[in-house]
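**Q** First, the structure itself, so that you have it in front of you.
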Amino acid sequence: MLHFTKLADIANPQQLLQQALEIKQYPFEKPDLGKNKTLGLVFFNSSLRTRLSSQRAAQNLGLHTIVMNVSADAWQLEFEDGTVMNAGKAEHIREAAPVMAQYCDILGIRAFAGLSDREADYREEILTAFQQFSGVPVISLESATRHPLQSLADWVTIETNKKTERPKVVLTWAPHPRALPQAVGNSFAEWMQVADVDLTITHPPGYELDEVFSAGATIEYDPYKAYAGADFVYAKNWSSFQSYGQVLSQDARWMVDAEKMALTNEAFFMHCLPVRRNVVVADAVIDSPKSLVIEQAGNRTVSAQAVMQAILTH
Ligand code: CP
């Protein structure tokens with residue numbers, strides 16, 4: 001693997017899953033794999049889990065890390081070609097990315113969707129610019145359209161908790177006061193295409209994900225029908241893809257609550273975090289023994305380590 005930005009970057013996803021499961025059991029088997037190498041973690045947006053789990057994973061492999069909050073600490077970056085740079089932006093990505101690669105052997109990039117220009121977001125302008133100009137492997141730490149480190153951690157979580165060979169997994173939209181990107185929902189649906197699960201996606205009309213991601217899933221607009229018999233309920237808010245970036249509903253009936261969870265096959269509850277309690281999920285669900293959110297966050301170290309290991313042995 002050279003880059004890790006989407007499922008299609010992985011030649012053999014099942015093999016990566018098996019490596020991740022092995023790392024979960026034996027995280028300290030390769031303490032020198034990254035010796036004398038440095039991972040740069042470049043954040044255009046806030047993070048708790050991705051920031052800490054990536055550093056922890058690097059540490060387990062003997063990789064040094066440099067963390068940079070680009071929006072706060074760096075020169076403002078220009079991504080347009082041919083621009084006359086006589087306004088606020090002081091440095092072009094054509095210099096910034098290869099300069100970062102002078103100090104870092106691998107770059108992790110977090111750059112969320114702007115949610116105003118769908119074509120620009122879905123072109124992944126920031127992530128692809130780093131791939132194009134840095135000359136080093138790039139790991140997505142959540143891009144405009146995908147969050148693959150999260151999805152691999154989610155897959156590990158489902159594999160280690162499933163009670164049936166092919167569980168029913170429900171991805172449910174949930175309300176949120178702000179417009180959020182589609183990245184986590186997109187990515188989870190994309191990775192579930194290669195997992196041994198039956199995926200149902202449930203949301204109010206108008207929240208359909210890009211079919212590239214939801215292909216193969218059952219779309220169910222009635223959450224009560226969707227929850228029936230579920231083994232895993234994965235909650236996430238996203239803004240509309242069709243009416244791009246808009247909040248079309250804040251209907252509280254879509255919150256994950258004990259009433260809907262009672263329709264399931266004693267389903268586990270999942271969310272990538274951070275989560276707004278009693279907006280996205282009721283306290284009674286997230287605080288129940290069926291909640292996997294902390295284990296899921298723990299598996300972020302596992303997925304990051306599996307990916308770094310694959311890149312270092314490429
Ligand atoms: N789930 C996740 O990516 O968390 P952070 O935004 O805190 O990194």
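Chain lettering (A, B, ...) mirrors the order of the structure tokens, residue numbering begins at 1 for each chain separately, and ligand numbering begins at 1 in order of display.
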Find the residues near ligand 1. Use a cut-off of 8 Å, count only C-alpha atoms and all ligand atoms, and write them as a compact mmCIF listing (two decimals) with N, CA and C atoms, in the first residue's frame.

**A**
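Everything below was put into part.txt:
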# COMPACT_ATOMS: atom_id res chain seq x y z
N SER A 46 -10.19 20.12 13.91
CA SER A 46 -10.02 19.61 15.28
C SER A 46 -10.01 18.08 15.32
N SER A 47 -9.46 17.53 16.38
CA SER A 47 -9.43 16.07 16.56
C SER A 47 -9.02 15.73 17.97
N LEU A 48 -9.62 14.68 18.51
CA LEU A 48 -9.14 14.07 19.75
C LEU A 48 -8.60 12.67 19.43
N ARG A 49 -9.51 11.79 18.96
CA ARG A 49 -9.15 10.39 18.74
C ARG A 49 -8.09 10.20 17.67
N THR A 50 -8.27 10.84 16.53
CA THR A 50 -7.34 10.62 15.42
C THR A 50 -5.95 11.09 15.80
N ARG A 51 -5.89 12.24 16.45
CA ARG A 51 -4.60 12.82 16.86
C ARG A 51 -3.86 11.88 17.82
N LEU A 52 -4.58 11.42 18.86
CA LEU A 52 -3.91 10.62 19.90
C LEU A 52 -3.66 9.19 19.44
N LEU A 141 -6.60 11.25 7.44
CA LEU A 141 -7.03 11.30 8.84
C LEU A 141 -8.48 11.79 8.94
N GLU A 142 -9.18 11.74 7.86
CA GLU A 142 -10.55 12.13 7.53
C GLU A 142 -10.46 13.26 6.52
N HIS A 147 -13.54 8.66 5.81
CA HIS A 147 -12.77 8.55 7.05
C HIS A 147 -12.32 7.09 7.19
N GLN A 150 -11.27 5.38 10.52
CA GLN A 150 -12.43 5.11 11.36
C GLN A 150 -13.14 3.85 10.89
N CYS A 272 -18.80 6.94 16.06
CA CYS A 272 -17.36 7.23 15.93
C CYS A 272 -16.86 8.20 16.99
N LEU A 273 -17.75 8.96 17.62
CA LEU A 273 -17.42 10.03 18.57
C LEU A 273 -16.64 11.15 17.87
N PRO A 274 -16.77 12.40 18.30
CA PRO A 274 -17.56 12.84 19.45
C PRO A 274 -19.06 12.79 19.15
N ALA A 297 -13.29 3.49 19.80
CA ALA A 297 -12.23 4.51 19.84
C ALA A 297 -10.87 3.86 20.11

**Q** Where in segment 140-283 of chain A does DSSP assign strand (DSSP E or B), given as a VMD selection string?

**A** chain A and resid 140 168 to 173 198 to 202 218 to 220 232 to 236 256 268 to 270 277 281

**Q** Nearest to Ala258 of chain A: which of A:Gln242, A:Val275, A:Pro181, A:Lys290 is it, counting only C-alpha atoms?

**A**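 Of all the options, A:Lys290 lies closest to Ala258 of chain A.
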
**Q** Could you tell me how far atom CA of Leu127 of chain A sits from atom CA of Arg110 of chain A, in Å to one decimal place?

**A**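 Separation of atom CA of Arg110 of chain A and atom CA of Leu127 of chain A: 8.1 Å.
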
**Q** Within 12 Å of segment 2-12 of chain A, which residues of segment 195-278 of chain A show up? Give each one with its shortest atom-to-atom distance in Å (one decimal) and the two atoms involved, counting only C-alpha atoms, rows by chain then rising residue number, as a tab-separated table.

**A**
residue	atom	partner	partner_atom	distance
A:Ala195	CA	A:Leu7	CA	11.6
A:Val212	CA	A:Leu7	CA	11.9
A:Phe213	CA	A:Leu7	CA	10.6

**Q** Would you mind exporting the chosen residues as a short mmCIF file (atom, residue, chain, number, x, y, z; two decimals), in the first residue's frame, restricted to C-alpha atoms?

**A**
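This went into out.cif:
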data_model
loop_
_atom_site.label_atom_id
_atom_site.label_comp_id
_atom_site.auth_asym_id
_atom_site.auth_seq_id
_atom_site.Cartn_x
_atom_site.Cartn_y
_atom_site.Cartn_z
CA ALA A 195 -17.38 -6.95 5.09
CA VAL A 212 -20.99 5.12 -5.00
CA PHE A 213 -20.95 4.51 -1.25
#

**Q** Which is closer to Ser288 of chain A than all the others in A:Val302, A:Val184, A:Asp32, A:Glu266, using only C-alpha atoms?

**A**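 Using only C-alpha atoms, the shortest distance to Ser288 of chain A belongs to A:Glu266.
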
**Q** Which of these residues is nearest to Phe268 of chain A, using only C-alpha atoms: A:Ser214, A:Ser243, A:Gln15, A:Gln296?

**A**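 Ranked by minimum distance to Phe268 of chain A, first place goes to A:Gln296.
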
**Q** Show which residues sit within 8 Å of segment 87-101 of chain A, as an mmCIF file with N, CA and C atoms, in the first residue's frame. Count only C-alpha atoms, and ignore same-chain residues fewer than 2 positions away.

**A**
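Output (selection_35.cif):
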data_model
loop_
_atom_site.group_PDB
_atom_site.id
_atom_site.type_symbol
_atom_site.label_atom_id
_atom_site.label_comp_id
_atom_site.auth_asym_id
_atom_site.auth_seq_id
_atom_site.Cartn_x
_atom_site.Cartn_y
_atom_site.Cartn_z
ATOM 1 N N GLY A 40 4.366 12.742 9.863
ATOM 2 C CA GLY A 40 3.811 14.082 10.081
ATOM 3 C C GLY A 40 2.297 14.004 10.126
ATOM 4 N N TRP A 75 1.522 29.083 7.761
ATOM 5 C CA TRP A 75 1.092 30.105 6.803
ATOM 6 C C TRP A 75 -0.186 29.614 6.136
ATOM 7 N N GLN A 76 -1.076 30.517 5.828
ATOM 8 C CA GLN A 76 -2.310 30.112 5.116
ATOM 9 C C GLN A 76 -1.954 29.578 3.746
ATOM 10 N N LEU A 77 -2.518 28.409 3.417
ATOM 11 C CA LEU A 77 -2.115 27.718 2.190
ATOM 12 C C LEU A 77 -3.022 28.032 1.004
ATOM 13 N N GLU A 78 -2.409 28.222 -0.143
ATOM 14 C CA GLU A 78 -3.121 28.401 -1.413
ATOM 15 C C GLU A 78 -3.095 27.071 -2.171
ATOM 16 N N PHE A 79 -4.250 26.647 -2.696
ATOM 17 C CA PHE A 79 -4.316 25.392 -3.452
ATOM 18 C C PHE A 79 -4.584 25.620 -4.937
ATOM 19 N N MET A 85 -0.878 35.613 -5.872
ATOM 20 C CA MET A 85 -0.985 35.469 -4.412
ATOM 21 C C MET A 85 -0.748 36.815 -3.707
ATOM 22 N N TYR A 103 10.859 16.627 5.963
ATOM 23 C CA TYR A 103 10.976 16.323 7.393
ATOM 24 C C TYR A 103 10.224 15.045 7.780
ATOM 25 N N CYS A 104 9.339 14.598 6.896
ATOM 26 C CA CYS A 104 8.437 13.479 7.244
ATOM 27 C C CYS A 104 8.457 12.424 6.141
ATOM 28 N N ASP A 105 8.519 11.155 6.534
ATOM 29 C CA ASP A 105 8.529 10.049 5.565
ATOM 30 C C ASP A 105 7.121 9.637 5.165
ATOM 31 N N ILE A 106 6.151 9.929 6.035
ATOM 32 C CA ILE A 106 4.729 9.666 5.767
ATOM 33 C C ILE A 106 3.971 10.902 6.252
ATOM 34 N N LEU A 107 2.920 11.279 5.527
ATOM 35 C CA LEU A 107 2.104 12.417 5.979
ATOM 36 C C LEU A 107 0.668 11.958 6.215
ATOM 37 N N ALA A 129 -3.909 17.067 -3.442
ATOM 38 C CA ALA A 129 -2.757 17.976 -3.623
ATOM 39 C C ALA A 129 -1.565 17.465 -2.812
ATOM 40 N N PHE A 130 -1.822 16.985 -1.599
ATOM 41 C CA PHE A 130 -0.722 16.424 -0.803
ATOM 42 C C PHE A 130 -0.158 15.171 -1.470
ATOM 43 N N PHE A 133 1.867 16.448 -4.630
ATOM 44 C CA PHE A 133 3.059 17.297 -4.516
ATOM 45 C C PHE A 133 4.048 16.868 -3.435
ATOM 46 N N SER A 134 3.633 16.010 -2.476
ATOM 47 C CA SER A 134 4.568 15.697 -1.381
ATOM 48 C C SER A 134 5.593 14.648 -1.778
ATOM 49 N N GLY A 135 5.176 13.673 -2.601
ATOM 50 C CA GLY A 135 6.101 12.596 -2.984
ATOM 51 C C GLY A 135 6.290 11.533 -1.913
ATOM 52 N N VAL A 136 5.497 11.586 -0.835
ATOM 53 C CA VAL A 136 5.582 10.550 0.210
ATOM 54 C C VAL A 136 4.189 9.929 0.394
#

**Q** What lies within 9 Å of Tyr207 of chain A using only C-alpha atoms, ignoring chain neighbours under 3 positions off, as a PDB file with C-alpha atoms, in the first residue's frame?

**A**
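And here's selection_13.pdb as it stands now:
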ATOM      1  CA  TRP A 173     -28.836   9.019  10.360  1.00  0.00           C
ATOM      2  CA  HIS A 203     -32.479   8.208   7.117  1.00  0.00           C
ATOM      3  CA  PRO A 204     -35.202  10.742   6.344  1.00  0.00           C
ATOM      4  CA  TRP A 238     -24.619  13.900   7.972  1.00  0.00           C
ATOM      5  CA  SER A 239     -25.880  16.857   5.984  1.00  0.00           C
ATOM      6  CA  SER A 240     -27.655  16.364   2.676  1.00  0.00           C
ATOM      7  CA  PHE A 241     -25.645  15.195  -0.342  1.00  0.00           C
ATOM      8  CA  GLN A 242     -28.374  16.155  -2.852  1.00  0.00           C
ATOM      9  CA  SER A 243     -29.186  19.574  -1.326  1.00  0.00           C
ATOM     10  CA  LEU A 248     -33.142  19.258   6.095  1.00  0.00           C
TER      11      LEU A 248
END

**Q** Assign secondary structure with DSSP using the backbone only, and return the residues of segment 15-155 of chain A in helix (DSSP H, G or I) as a PyMOL selection string.

**A** chain A and resi 15-25+49-60+70-73+93-103+118-122+125-134+148-155

**Q** Using only C-alpha atoms, pick whichever of A:Ala235, A:Val169, A:Ala179, A:Ala215 has the shortest atom-to-atom distance to Thr264 of chain A.

**A**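 Closest candidate: A:Val169.
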
**Q** Quick one: pull the distance between atom CA of Asn265 of chain A and atom CA of Arg300 of chain A, Å, one decimal.

**A**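 Here the two named atoms are 26.1 Å from each other.
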
**Q** Mind pulling up the distance from atom CA of Thr301 of chain A to atom CA of Ser54 of chain A?

**A**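 Atom CA of Thr301 of chain A lies at a distance of 6.3 Å from atom CA of Ser54 of chain A.
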
**Q** Which one of A:Ala284, A:Arg253, A:Gln309, A:Thr164 sits closest to Leu61 of chain A if you count only C-alpha atoms?

**A**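 Looking at the shortest contact to Leu61 of chain A, the residue is A:Gln309.
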
**Q** Could you check which of A:Gly34, A:Pro289, A:Gly185, A:Pro177 is closest to Ala310 of chain A, using only C-alpha atoms?

**A**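 The closest residue to Ala310 of chain A is A:Gly34.
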
**Q** I'd like the contact shell of Thr157 of chain A - 7 Å cut-off, only C-alpha atoms, skipping same-chain residues fewer than 3 positions apart - returned as number ranges by chain.

**A** A: 153-154, 160-161, 296, 299

**Q** Name all residues at most 6 Å from segment 19-26 of chain A (count only C-alpha atoms; drop same-chain ones fewer than 3 positions away) and give them as a VMD selection string.

**A** chain A and resid 16 302 to 303 306

**Q** Suppose we keep N, CA and C atoms; can you now write the selection as a JSON list (two decimals), in the first residue's frame?

**A**
[["chain", "number", "residue", "atom", "x", "y", "z"],
["A", 16, "LEU", "N", -5.85, -6.87, 5.36],
["A", 16, "LEU", "CA", -5.61, -5.73, 6.26],
["A", 16, "LEU", "C", -6.41, -5.90, 7.55],
["A", 302, "VAL", "N", -5.49, 0.52, 16.66],
["A", 302, "VAL", "CA", -5.31, -0.72, 15.91],
["A", 302, "VAL", "C", -5.33, -0.46, 14.40],
["A", 303, "SER", "N", -6.33, 0.29, 13.95],
["A", 303, "SER", "CA", -6.43, 0.54, 12.50],
["A", 303, "SER", "C", -5.27, 1.41, 12.03],
["A", 306, "ALA", "N", -2.14, -0.77, 11.83],
["A", 306, "ALA", "CA", -2.19, -1.70, 10.69],
["A", 306, "ALA", "C", -1.84, -0.97, 9.39]]

**Q** What's around Arg276 of chain A at 12 Å? Count only C-alpha atoms, leave out sequence neighbours fewer than 5 positions away in its own chain, and write the answer as a list in words.

**A** Ala174, Pro175, His176, Pro177, Arg178, Ala235, Lys236, Asn237, Met255, Val256, His271, Val281, Ala282, Asp283 and Ile286 of chain A
